[in-house]
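So this one's target_21.cif, mmCIF, C-alpha atoms:
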data_target
loop_
_atom_site.group_PDB
_atom_site.id
_atom_site.type_symbol
_atom_site.label_atom_id
_atom_site.label_comp_id
_atom_site.auth_asym_id
_atom_site.auth_seq_id
_atom_site.Cartn_x
_atom_site.Cartn_y
_atom_site.Cartn_z
ATOM 1 C CA MET B 700 -1.026 -20.061 -10.037
ATOM 2 C CA LYS B 701 -4.261 -18.479 -8.860
ATOM 3 C CA LYS B 702 -7.391 -20.220 -10.057
ATOM 4 C CA GLY B 703 -10.897 -18.853 -9.986
ATOM 5 C CA LEU B 704 -13.756 -17.704 -12.128
ATOM 6 C CA ARG B 705 -12.979 -15.467 -15.081
ATOM 7 C CA PHE B 706 -15.287 -12.582 -15.914
ATOM 8 C CA ASP B 707 -15.648 -10.937 -19.278
ATOM 9 C CA PRO B 708 -13.926 -7.508 -19.452
ATOM 10 C CA ARG B 709 -17.239 -5.974 -20.529
ATOM 11 C CA THR B 710 -18.826 -7.256 -17.317
ATOM 12 C CA LYS B 711 -15.975 -5.752 -15.311
ATOM 13 C CA LEU B 712 -16.534 -2.472 -17.121
ATOM 14 C CA CYS B 713 -20.179 -2.563 -16.006
ATOM 15 C CA VAL B 714 -18.995 -3.016 -12.406
ATOM 16 C CA ILE B 715 -16.834 0.115 -12.716
ATOM 17 C CA LEU B 716 -19.747 2.073 -14.199
ATOM 18 C CA PHE B 717 -22.020 0.926 -11.384
ATOM 19 C CA ALA B 718 -19.406 1.982 -8.807
ATOM 20 C CA SER B 719 -19.184 5.402 -10.479
ATOM 21 C CA PHE B 720 -22.976 5.651 -10.409
ATOM 22 C CA SER B 721 -23.039 4.813 -6.697
ATOM 23 C CA LEU B 722 -20.442 7.524 -6.076
ATOM 24 C CA MET B 723 -22.626 10.212 -7.666
ATOM 25 C CA VAL B 724 -25.893 9.438 -5.872
ATOM 26 C CA PRO B 725 -26.674 9.455 -2.138
ATOM 27 C CA LEU B 726 -26.615 5.969 -0.653
ATOM 28 C CA SER B 727 -27.606 4.666 2.731
ATOM 29 C CA PHE B 728 -25.050 2.670 4.648
ATOM 30 C CA PHE B 729 -26.994 -0.512 3.840
ATOM 31 C CA TYR B 730 -26.351 -0.127 0.103
ATOM 32 C CA GLU B 731 -22.696 0.748 0.713
ATOM 33 C CA TYR B 732 -22.320 -2.399 2.791
ATOM 34 C CA LEU B 733 -24.218 -4.456 0.206
ATOM 35 C CA PHE B 734 -22.074 -3.329 -2.739
ATOM 36 C CA MET B 735 -18.828 -3.775 -0.803
ATOM 37 C CA THR B 736 -19.938 -7.296 0.130
ATOM 38 C CA VAL B 737 -20.643 -8.071 -3.538
ATOM 39 C CA LEU B 738 -17.166 -6.816 -4.501
ATOM 40 C CA PHE B 739 -15.621 -8.815 -1.667
ATOM 41 C CA VAL B 740 -17.315 -11.989 -2.932
ATOM 42 C CA LEU B 741 -16.078 -11.226 -6.469
ATOM 43 C CA PHE B 742 -12.489 -11.043 -5.236
ATOM 44 C CA LEU B 743 -12.959 -14.414 -3.536
ATOM 45 C CA LEU B 744 -14.379 -15.914 -6.736
ATOM 46 C CA ILE B 745 -11.433 -14.816 -8.884
ATOM 47 C CA GLY B 746 -8.908 -16.067 -6.334
ATOM 48 C CA GLU B 747 -7.719 -12.661 -5.083
ATOM 49 C CA TRP B 748 -8.824 -13.268 -1.498
ATOM 50 C CA LYS B 749 -5.960 -11.282 0.054
ATOM 51 C CA LYS B 750 -6.952 -8.140 -1.842
ATOM 52 C CA GLY B 751 -10.603 -8.732 -1.020
ATOM 53 C CA ILE B 752 -9.956 -9.087 2.695
ATOM 54 C CA GLY B 753 -7.732 -5.992 2.629
ATOM 55 C CA TYR B 754 -10.323 -3.770 0.945
ATOM 56 C CA TYR B 755 -13.173 -5.143 3.058
ATOM 57 C CA SER B 756 -11.202 -4.576 6.276
ATOM 58 C CA VAL B 757 -10.416 -0.984 5.262
ATOM 59 C CA PHE B 758 -14.116 -0.375 4.621
ATOM 60 C CA TRP B 759 -15.149 -1.570 8.079
ATOM 61 C CA LEU B 760 -12.263 0.322 9.674
ATOM 62 C CA LEU B 761 -13.441 3.567 8.058
ATOM 63 C CA ALA B 762 -17.032 2.829 9.026
ATOM 64 C CA GLY B 763 -16.035 2.094 12.640
ATOM 65 C CA LEU B 764 -13.958 5.279 12.937
ATOM 66 C CA ASP B 765 -16.823 7.329 11.503
ATOM 67 C CA TYR B 766 -19.243 5.699 13.964
ATOM 68 C CA TRP B 767 -16.876 6.674 16.781
ATOM 69 C CA THR B 768 -16.354 10.286 15.671
ATOM 70 C CA TYR B 769 -20.037 11.057 14.970
ATOM 71 C CA PRO B 770 -21.205 11.364 18.622
ATOM 72 C CA GLN B 771 -18.106 13.334 19.682
ATOM 73 C CA GLY B 772 -19.842 16.684 19.224
ATOM 74 C CA ASP B 773 -19.726 19.582 16.786
ATOM 75 C CA HIS B 774 -16.033 20.315 17.135
ATOM 76 C CA VAL B 775 -14.462 21.309 13.826
ATOM 77 C CA ILE B 776 -11.718 18.670 14.141
ATOM 78 C CA PHE B 777 -14.204 15.825 14.492
ATOM 79 C CA GLY B 778 -16.332 17.299 11.718
ATOM 80 C CA LEU B 779 -13.361 17.409 9.363
ATOM 81 C CA LEU B 780 -12.289 13.891 10.358
ATOM 82 C CA SER B 781 -15.804 12.565 9.758
ATOM 83 C CA PHE B 782 -15.846 14.243 6.317
ATOM 84 C CA VAL B 783 -12.559 12.569 5.357
ATOM 85 C CA LEU B 784 -13.713 9.174 6.633
ATOM 86 C CA ILE B 785 -17.034 9.290 4.798
ATOM 87 C CA GLY B 786 -15.402 10.541 1.597
ATOM 88 C CA SER B 787 -12.787 7.786 1.706
ATOM 89 C CA ARG B 788 -15.459 5.182 2.391
ATOM 90 C CA ARG B 789 -17.580 6.355 -0.541
ATOM 91 C CA LEU B 790 -14.564 6.360 -2.851
ATOM 92 C CA LEU B 791 -13.399 2.894 -1.806
ATOM 93 C CA PRO B 792 -15.929 0.901 -3.944
ATOM 94 C CA THR B 793 -14.705 2.684 -7.084
ATOM 95 C CA VAL B 794 -11.078 1.869 -6.263
ATOM 96 C CA MET B 795 -12.044 -1.707 -5.413
ATOM 97 C CA SER B 796 -13.995 -2.060 -8.683
ATOM 98 C CA ALA B 797 -11.017 -0.824 -10.710
ATOM 99 C CA SER B 798 -8.740 -3.273 -8.903
ATOM 100 C CA PHE B 799 -11.196 -6.098 -9.619
ATOM 101 C CA ALA B 800 -11.383 -5.100 -13.281
ATOM 102 C CA MET B 801 -7.604 -5.170 -13.739
ATOM 103 C CA SER B 802 -7.068 -8.419 -11.802
ATOM 104 C CA GLY B 803 -6.510 -11.347 -14.148
ATOM 105 C CA THR B 804 -7.379 -9.382 -17.302
ATOM 106 C CA LYS B 805 -4.655 -8.786 -19.872
ATOM 107 C CA ILE B 806 -4.341 -5.591 -21.860
ATOM 108 C CA SER B 807 -5.009 -7.532 -25.063
ATOM 109 C CA GLU B 808 -8.313 -8.731 -23.607
ATOM 110 C CA TRP B 809 -9.311 -5.155 -22.837
ATOM 111 C CA ILE B 810 -8.461 -4.161 -26.400
ATOM 112 C CA ALA B 811 -10.616 -7.020 -27.724
ATOM 113 C CA ALA B 812 -13.451 -5.955 -25.410
ATOM 114 C CA LEU B 813 -13.264 -2.341 -26.589
ATOM 115 C CA GLN B 814 -13.366 -3.555 -30.181
ATOM 116 C CA LYS B 815 -16.453 -5.636 -29.364
ATOM 117 C CA LEU B 816 -18.065 -2.486 -27.964
ATOM 118 C CA ARG B 817 -17.211 -0.717 -31.240
ATOM 119 C CA VAL B 818 -15.095 1.938 -29.543
ATOM 120 C CA PRO B 819 -13.336 4.124 -32.169
ATOM 121 C CA PHE B 820 -9.715 3.215 -32.857
ATOM 122 C CA SER B 821 -8.778 6.849 -32.295
ATOM 123 C CA LEU B 822 -9.641 6.171 -28.653
ATOM 124 C CA ILE B 823 -8.379 2.580 -28.418
ATOM 125 C CA VAL B 824 -4.802 3.455 -29.449
ATOM 126 C CA PRO B 825 -4.164 6.075 -26.702
ATOM 127 C CA LEU B 826 -5.910 3.881 -24.128
ATOM 128 C CA THR B 827 -3.654 0.981 -25.097
ATOM 129 C CA VAL B 828 -0.563 3.138 -24.674
ATOM 130 C CA LEU B 829 -1.901 4.433 -21.360
ATOM 131 C CA PHE B 830 -2.651 0.938 -19.983
ATOM 132 C CA ARG B 831 0.842 -0.269 -20.798
ATOM 133 C CA PHE B 832 2.607 2.958 -19.794
ATOM 134 C CA PHE B 833 2.067 2.972 -16.028
ATOM 135 C CA PRO B 834 3.107 -0.670 -15.365
ATOM 136 C CA THR B 835 6.247 -0.037 -17.421
ATOM 137 C CA LEU B 836 6.896 3.196 -15.524
ATOM 138 C CA LEU B 837 6.518 1.381 -12.204
ATOM 139 C CA GLN B 838 9.017 -1.248 -13.340
ATOM 140 C CA ASP B 839 11.447 1.513 -14.346
ATOM 141 C CA PHE B 840 11.098 3.044 -10.879
ATOM 142 C CA LYS B 841 11.960 -0.306 -9.278
ATOM 143 C CA ASN B 842 14.947 -0.717 -11.578
ATOM 144 C CA ILE B 843 16.217 2.768 -10.701
ATOM 145 C CA ARG B 844 16.019 1.987 -6.981
ATOM 146 C CA LYS B 845 17.874 -1.287 -7.532
ATOM 147 C CA ALA B 846 20.592 0.577 -9.452
ATOM 148 C CA LEU B 847 20.920 3.099 -6.622
ATOM 149 C CA ARG B 848 21.285 0.342 -4.042
ATOM 150 C CA PHE B 849 23.908 -1.326 -6.253
ATOM 151 C CA ARG B 850 25.903 1.919 -6.156
ATOM 152 C CA GLY B 851 25.532 2.185 -2.389
ATOM 153 C CA ILE B 852 22.814 4.868 -2.467
ATOM 154 C CA ALA B 853 19.944 3.402 -0.472
ATOM 155 C CA MET B 854 16.989 5.811 -0.554
ATOM 156 C CA SER B 855 13.897 4.871 1.402
ATOM 157 C CA TYR B 856 10.514 6.480 0.825
ATOM 158 C CA TRP B 857 11.085 8.579 3.927
ATOM 159 C CA ASP B 858 14.423 9.829 2.529
ATOM 160 C CA MET B 859 12.656 10.833 -0.693
ATOM 161 C CA LEU B 860 10.344 13.094 1.294
ATOM 162 C CA LEU B 861 13.054 14.577 3.506
ATOM 163 C CA HIS B 862 15.524 15.268 0.678
ATOM 164 C CA PRO B 863 13.535 16.549 -2.324
ATOM 165 C CA LEU B 864 16.594 17.816 -4.262
ATOM 166 C CA THR B 865 18.347 14.463 -3.960
ATOM 167 C CA THR B 866 15.136 12.713 -4.950
ATOM 168 C CA MET B 867 14.859 14.906 -8.041
ATOM 169 C CA GLU B 868 18.450 14.158 -9.029
ATOM 170 C CA TYR B 869 18.438 10.408 -8.410
ATOM 171 C CA ILE B 870 14.784 9.442 -8.997
ATOM 172 C CA ILE B 871 12.610 11.982 -10.799
ATOM 173 C CA ILE B 872 14.982 13.001 -13.612
ATOM 174 C CA PRO B 873 15.816 9.390 -14.606
ATOM 175 C CA ILE B 874 12.104 8.493 -14.481
ATOM 176 C CA LEU B 875 11.179 11.448 -16.713
ATOM 177 C CA MET B 876 13.833 10.466 -19.247
ATOM 178 C CA SER B 877 12.700 6.850 -19.126
ATOM 179 C CA ALA B 878 9.022 7.865 -19.393
ATOM 180 C CA ASP B 879 9.694 9.831 -22.555
ATOM 181 C CA ASN B 880 11.424 6.871 -24.211
ATOM 182 C CA THR B 881 8.742 4.468 -22.946
ATOM 183 C CA ALA B 882 5.902 6.568 -24.391
ATOM 184 C CA ILE B 883 7.608 6.720 -27.795
ATOM 185 C CA ASP B 884 8.305 2.968 -27.797
ATOM 186 C CA LEU B 885 4.747 2.061 -26.771
ATOM 187 C CA SER B 886 3.230 4.357 -29.391
ATOM 188 C CA ALA B 887 5.428 2.813 -32.090
ATOM 189 C CA THR B 888 4.574 -0.698 -30.873
ATOM 190 C CA ALA B 889 0.847 0.043 -31.003
ATOM 191 C CA MET B 890 1.108 1.293 -34.554
ATOM 192 C CA VAL B 891 3.295 -1.646 -35.660
ATOM 193 C CA ARG B 892 0.702 -4.084 -34.301
ATOM 194 C CA GLY B 893 -1.877 -2.460 -36.544
ATOM 195 C CA LEU B 894 -4.016 -0.792 -33.898
ATOM 196 C CA GLY B 895 -4.267 2.293 -36.097
ATOM 197 C CA ASN B 896 -5.764 0.291 -38.955
ATOM 198 C CA SER B 897 -9.439 1.094 -39.356
ATOM 199 C CA LYS B 898 -10.279 -2.351 -40.774
ATOM 200 C CA LYS B 899 -11.688 -5.190 -38.701
ATOM 201 C CA HIS B 900 -9.221 -6.700 -36.232
ATOM 202 C CA THR B 901 -9.014 -10.237 -34.947
ATOM 203 C CA SER B 902 -7.985 -11.360 -31.469
ATOM 204 C CA ILE B 903 -6.547 -14.527 -29.959
ATOM 205 C CA TYR B 904 -8.864 -13.990 -26.969
ATOM 206 C CA PRO B 905 -12.405 -15.122 -27.847
ATOM 207 C CA LEU B 906 -14.683 -13.085 -25.608
ATOM 208 C CA ARG B 907 -18.105 -14.430 -24.728
ATOM 209 C CA PHE B 908 -20.437 -14.030 -21.785
ATOM 210 C CA GLN B 909 -20.665 -17.005 -19.433
ATOM 211 C CA TRP B 910 -23.058 -17.851 -16.645
ATOM 212 C CA GLN B 911 -21.089 -15.907 -14.030
ATOM 213 C CA ASP B 912 -21.289 -12.766 -16.178
ATOM 214 C CA TYR B 913 -25.065 -13.019 -16.423
ATOM 215 C CA VAL B 914 -25.368 -13.607 -12.675
ATOM 216 C CA LEU B 915 -23.190 -10.575 -11.881
ATOM 217 C CA MET B 916 -25.139 -8.385 -14.319
ATOM 218 C CA GLY B 917 -28.363 -9.532 -12.674
ATOM 219 C CA VAL B 918 -27.022 -8.640 -9.210
ATOM 220 C CA LEU B 919 -26.072 -5.155 -10.429
ATOM 221 C CA VAL B 920 -29.542 -4.649 -11.940
ATOM 222 C CA LEU B 921 -31.150 -5.740 -8.657
ATOM 223 C CA CYS B 922 -28.948 -3.288 -6.741
ATOM 224 C CA ILE B 923 -29.956 -0.440 -9.062
ATOM 225 C CA GLY B 924 -33.621 -1.434 -8.805
ATOM 226 C CA GLY B 925 -33.423 -1.585 -5.016
ATOM 227 C CA ARG B 926 -31.799 1.853 -4.874
ATOM 228 C CA LEU B 927 -34.539 3.342 -7.068
ATOM 229 C CA LEU B 928 -37.444 1.655 -5.269
ATOM 230 C CA TRP B 929 -36.165 1.925 -1.686
ATOM 231 C CA PRO B 930 -33.631 4.788 -1.657
ATOM 232 C CA SER B 931 -33.497 5.194 2.129
ATOM 233 C CA LEU B 932 -33.378 1.526 3.098
ATOM 234 C CA ASN B 933 -31.294 0.997 6.246
#
Could you take the file, read its structure, and then write that structure out as structure tokens?
Amino acid sequence: MKKGLRFDPRTKLCVILFASFSLMVPLSFFYEYLFMTVLFVLFLLIGEWKKGIGYYSVFWLLAGLDYWTYPQGDHVIFGLLSFVLIGSRRLLPTVMSASFAMSGTKISEWIAALQKLRVPFSLIVPLTVLFRFFPTLLQDFKNIRKALRFRGIAMSYWDMLLHPLTTMEYIIIPILMSADNTAIDLSATAMVRGLGNSKKHTSIYPLRFQWQDYVLMGVLVLCIGGRLLWPSLN
């Protein structure tokens, strides 16, 4: 079992908001590197070092490829490749922040955090269904592939691309039927658990800020302050 620091879901939500903020404003490479390093350290602290190394390696790979394509001239191919590399590199912190937020945090903890933030229940209920829908859908997809292999129909990802009609018959149609039933079941489950009740709810997950949450919030504030005071720092 992975052991590491646990961060409050509200702190993780602040990390996602900060990543979204960094995506909307121009940043020098120094601030990109700084934020990615902070996220990498966070993955190490929560025990997800494999994910952290993977994301961090992808970041430096994209940065290295962009550094190589930049002096190649004004050819349209290199210009387009540089655009894709920079766009992917700028989007990576947001993806990494979302992965950090979902790592080690249960759906029930997110619900408790949203209740602490006084989010309306009209928004909490669909979000709850949405959070539980995609993991269930992914599990259904795996089960469908196992059933196909059991019947002697082994379809790889490459076969799915090369044979779209077969993919629709064996994969997409069963997933759509399963998704419809899953959405109905999850909606009914959410209502049975009382998520539609407007009265105050209790939770078995007591949420409170700890020292690591305050430290992380302070680091994010320092990053925002540094961006505002020294926007072109390299």
Which residues come within 8 Å of stretch 746-758 of chain B, counting only C-alpha atoms, excluding same-chain residues fewer than 2 positions away, as a PyMOL selection string? chain B and resi 701-704+735-736+738-740+742-744+760-762+788+791+795+802
Nearest to B:Thr901, chosen from B:Leu790, B:Val724, B:Ala797, B:Ala811, with only C-alpha atoms counted in the distances: B:Ala811
On this file, the PyMOL selection byres ((chain B and resi 845-850) around 12) gives some set of residues; write that set as a compact mmCIF listing (two decimals) with C-alpha atoms, in the frame of the given file.
# COMPACT_ATOMS: atom_id res chain seq x y z
CA GLN B 838 9.02 -1.25 -13.34
CA ASP B 839 11.45 1.51 -14.35
CA PHE B 840 11.10 3.04 -10.88
CA LYS B 841 11.96 -0.31 -9.28
CA ASN B 842 14.95 -0.72 -11.58
CA ILE B 843 16.22 2.77 -10.70
CA ARG B 844 16.02 1.99 -6.98
CA GLY B 851 25.53 2.18 -2.39
CA ILE B 852 22.81 4.87 -2.47
CA ALA B 853 19.94 3.40 -0.47
CA MET B 854 16.99 5.81 -0.55
CA SER B 855 13.90 4.87 1.40
CA THR B 865 18.35 14.46 -3.96
CA THR B 866 15.14 12.71 -4.95
CA GLU B 868 18.45 14.16 -9.03
CA TYR B 869 18.44 10.41 -8.41
CA ILE B 870 14.78 9.44 -9.00
CA PRO B 873 15.82 9.39 -14.61
Apply the PyMOL selection byres ((chain B and resi 730) around 8) to the displayed file and report the matching residues as number ranges by chain. B: 726-729, 731-734, 922, 926, 932-933
Expected answer as a PyMOL selection string: all residues with atoms within 12 Å of (-16.5, -8.9, -16.7), only C-alpha atoms: chain B and resi 704-716+741+745+796-797+799-804+808-809+812+906-916
Could you write stretch 910-924 of chain B as a PDB file, in the coordinates of the input, with N, CA, C and O atoms rebuilt where they are missing?
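The result, stored in result.pdb:
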ATOM      1  N   TRP B 910     -21.994 -17.917 -17.646  1.00  0.00           N
ATOM      2  CA  TRP B 910     -23.058 -17.851 -16.645  1.00  0.00           C
ATOM      3  C   TRP B 910     -22.726 -16.880 -15.520  1.00  0.00           C
ATOM      4  O   TRP B 910     -23.610 -16.166 -15.019  1.00  0.00           O
ATOM      5  N   GLN B 911     -21.443 -16.809 -15.121  1.00  0.00           N
ATOM      6  CA  GLN B 911     -21.089 -15.907 -14.030  1.00  0.00           C
ATOM      7  C   GLN B 911     -21.263 -14.436 -14.420  1.00  0.00           C
ATOM      8  O   GLN B 911     -21.576 -13.591 -13.576  1.00  0.00           O
ATOM      9  N   ASP B 912     -21.078 -14.138 -15.710  1.00  0.00           N
ATOM     10  CA  ASP B 912     -21.289 -12.766 -16.178  1.00  0.00           C
ATOM     11  C   ASP B 912     -22.763 -12.384 -16.090  1.00  0.00           C
ATOM     12  O   ASP B 912     -23.106 -11.278 -15.660  1.00  0.00           O
ATOM     13  N   TYR B 913     -23.624 -13.303 -16.490  1.00  0.00           N
ATOM     14  CA  TYR B 913     -25.065 -13.019 -16.423  1.00  0.00           C
ATOM     15  C   TYR B 913     -25.538 -12.874 -14.977  1.00  0.00           C
ATOM     16  O   TYR B 913     -26.368 -12.018 -14.670  1.00  0.00           O
ATOM     17  N   VAL B 914     -24.984 -13.707 -14.089  1.00  0.00           N
ATOM     18  CA  VAL B 914     -25.368 -13.607 -12.675  1.00  0.00           C
ATOM     19  C   VAL B 914     -24.932 -12.262 -12.102  1.00  0.00           C
ATOM     20  O   VAL B 914     -25.704 -11.582 -11.396  1.00  0.00           O
ATOM     21  N   LEU B 915     -23.698 -11.855 -12.393  1.00  0.00           N
ATOM     22  CA  LEU B 915     -23.190 -10.575 -11.881  1.00  0.00           C
ATOM     23  C   LEU B 915     -23.989  -9.407 -12.441  1.00  0.00           C
ATOM     24  O   LEU B 915     -24.323  -8.465 -11.700  1.00  0.00           O
ATOM     25  N   MET B 916     -24.322  -9.448 -13.724  1.00  0.00           N
ATOM     26  CA  MET B 916     -25.139  -8.385 -14.319  1.00  0.00           C
ATOM     27  C   MET B 916     -26.511  -8.324 -13.651  1.00  0.00           C
ATOM     28  O   MET B 916     -27.051  -7.244 -13.394  1.00  0.00           O
ATOM     29  N   GLY B 917     -27.074  -9.504 -13.356  1.00  0.00           N
ATOM     30  CA  GLY B 917     -28.363  -9.532 -12.674  1.00  0.00           C
ATOM     31  C   GLY B 917     -28.290  -8.928 -11.280  1.00  0.00           C
ATOM     32  O   GLY B 917     -29.201  -8.203 -10.855  1.00  0.00           O
ATOM     33  N   VAL B 918     -27.200  -9.209 -10.555  1.00  0.00           N
ATOM     34  CA  VAL B 918     -27.022  -8.640  -9.210  1.00  0.00           C
ATOM     35  C   VAL B 918     -26.924  -7.122  -9.287  1.00  0.00           C
ATOM     36  O   VAL B 918     -27.523  -6.402  -8.462  1.00  0.00           O
ATOM     37  N   LEU B 919     -26.194  -6.607 -10.274  1.00  0.00           N
ATOM     38  CA  LEU B 919     -26.072  -5.155 -10.429  1.00  0.00           C
ATOM     39  C   LEU B 919     -27.420  -4.519 -10.756  1.00  0.00           C
ATOM     40  O   LEU B 919     -27.756  -3.448 -10.223  1.00  0.00           O
ATOM     41  N   VAL B 920     -28.203  -5.169 -11.606  1.00  0.00           N
ATOM     42  CA  VAL B 920     -29.542  -4.649 -11.940  1.00  0.00           C
ATOM     43  C   VAL B 920     -30.428  -4.643 -10.705  1.00  0.00           C
ATOM     44  O   VAL B 920     -31.182  -3.681 -10.468  1.00  0.00           O
ATOM     45  N   LEU B 921     -30.359  -5.699  -9.889  1.00  0.00           N
ATOM     46  CA  LEU B 921     -31.150  -5.740  -8.657  1.00  0.00           C
ATOM     47  C   LEU B 921     -30.726  -4.633  -7.690  1.00  0.00           C
ATOM     48  O   LEU B 921     -31.583  -4.031  -7.024  1.00  0.00           O
ATOM     49  N   CYS B 922     -29.419  -4.364  -7.618  1.00  0.00           N
ATOM     50  CA  CYS B 922     -28.948  -3.288  -6.741  1.00  0.00           C
ATOM     51  C   CYS B 922     -29.469  -1.930  -7.212  1.00  0.00           C
ATOM     52  O   CYS B 922     -29.903  -1.103  -6.397  1.00  0.00           O
ATOM     53  N   ILE B 923     -29.443  -1.704  -8.524  1.00  0.00           N
ATOM     54  CA  ILE B 923     -29.956  -0.440  -9.062  1.00  0.00           C
ATOM     55  C   ILE B 923     -31.457  -0.337  -8.812  1.00  0.00           C
ATOM     56  O   ILE B 923     -31.965   0.715  -8.395  1.00  0.00           O
ATOM     57  N   GLY B 924     -32.179  -1.445  -9.045  1.00  0.00           N
ATOM     58  CA  GLY B 924     -33.621  -1.434  -8.805  1.00  0.00           C
ATOM     59  C   GLY B 924     -33.954  -1.183  -7.346  1.00  0.00           C
ATOM     60  O   GLY B 924     -34.879  -0.436  -7.024  1.00  0.00           O
TER      61      GLY B 924
END
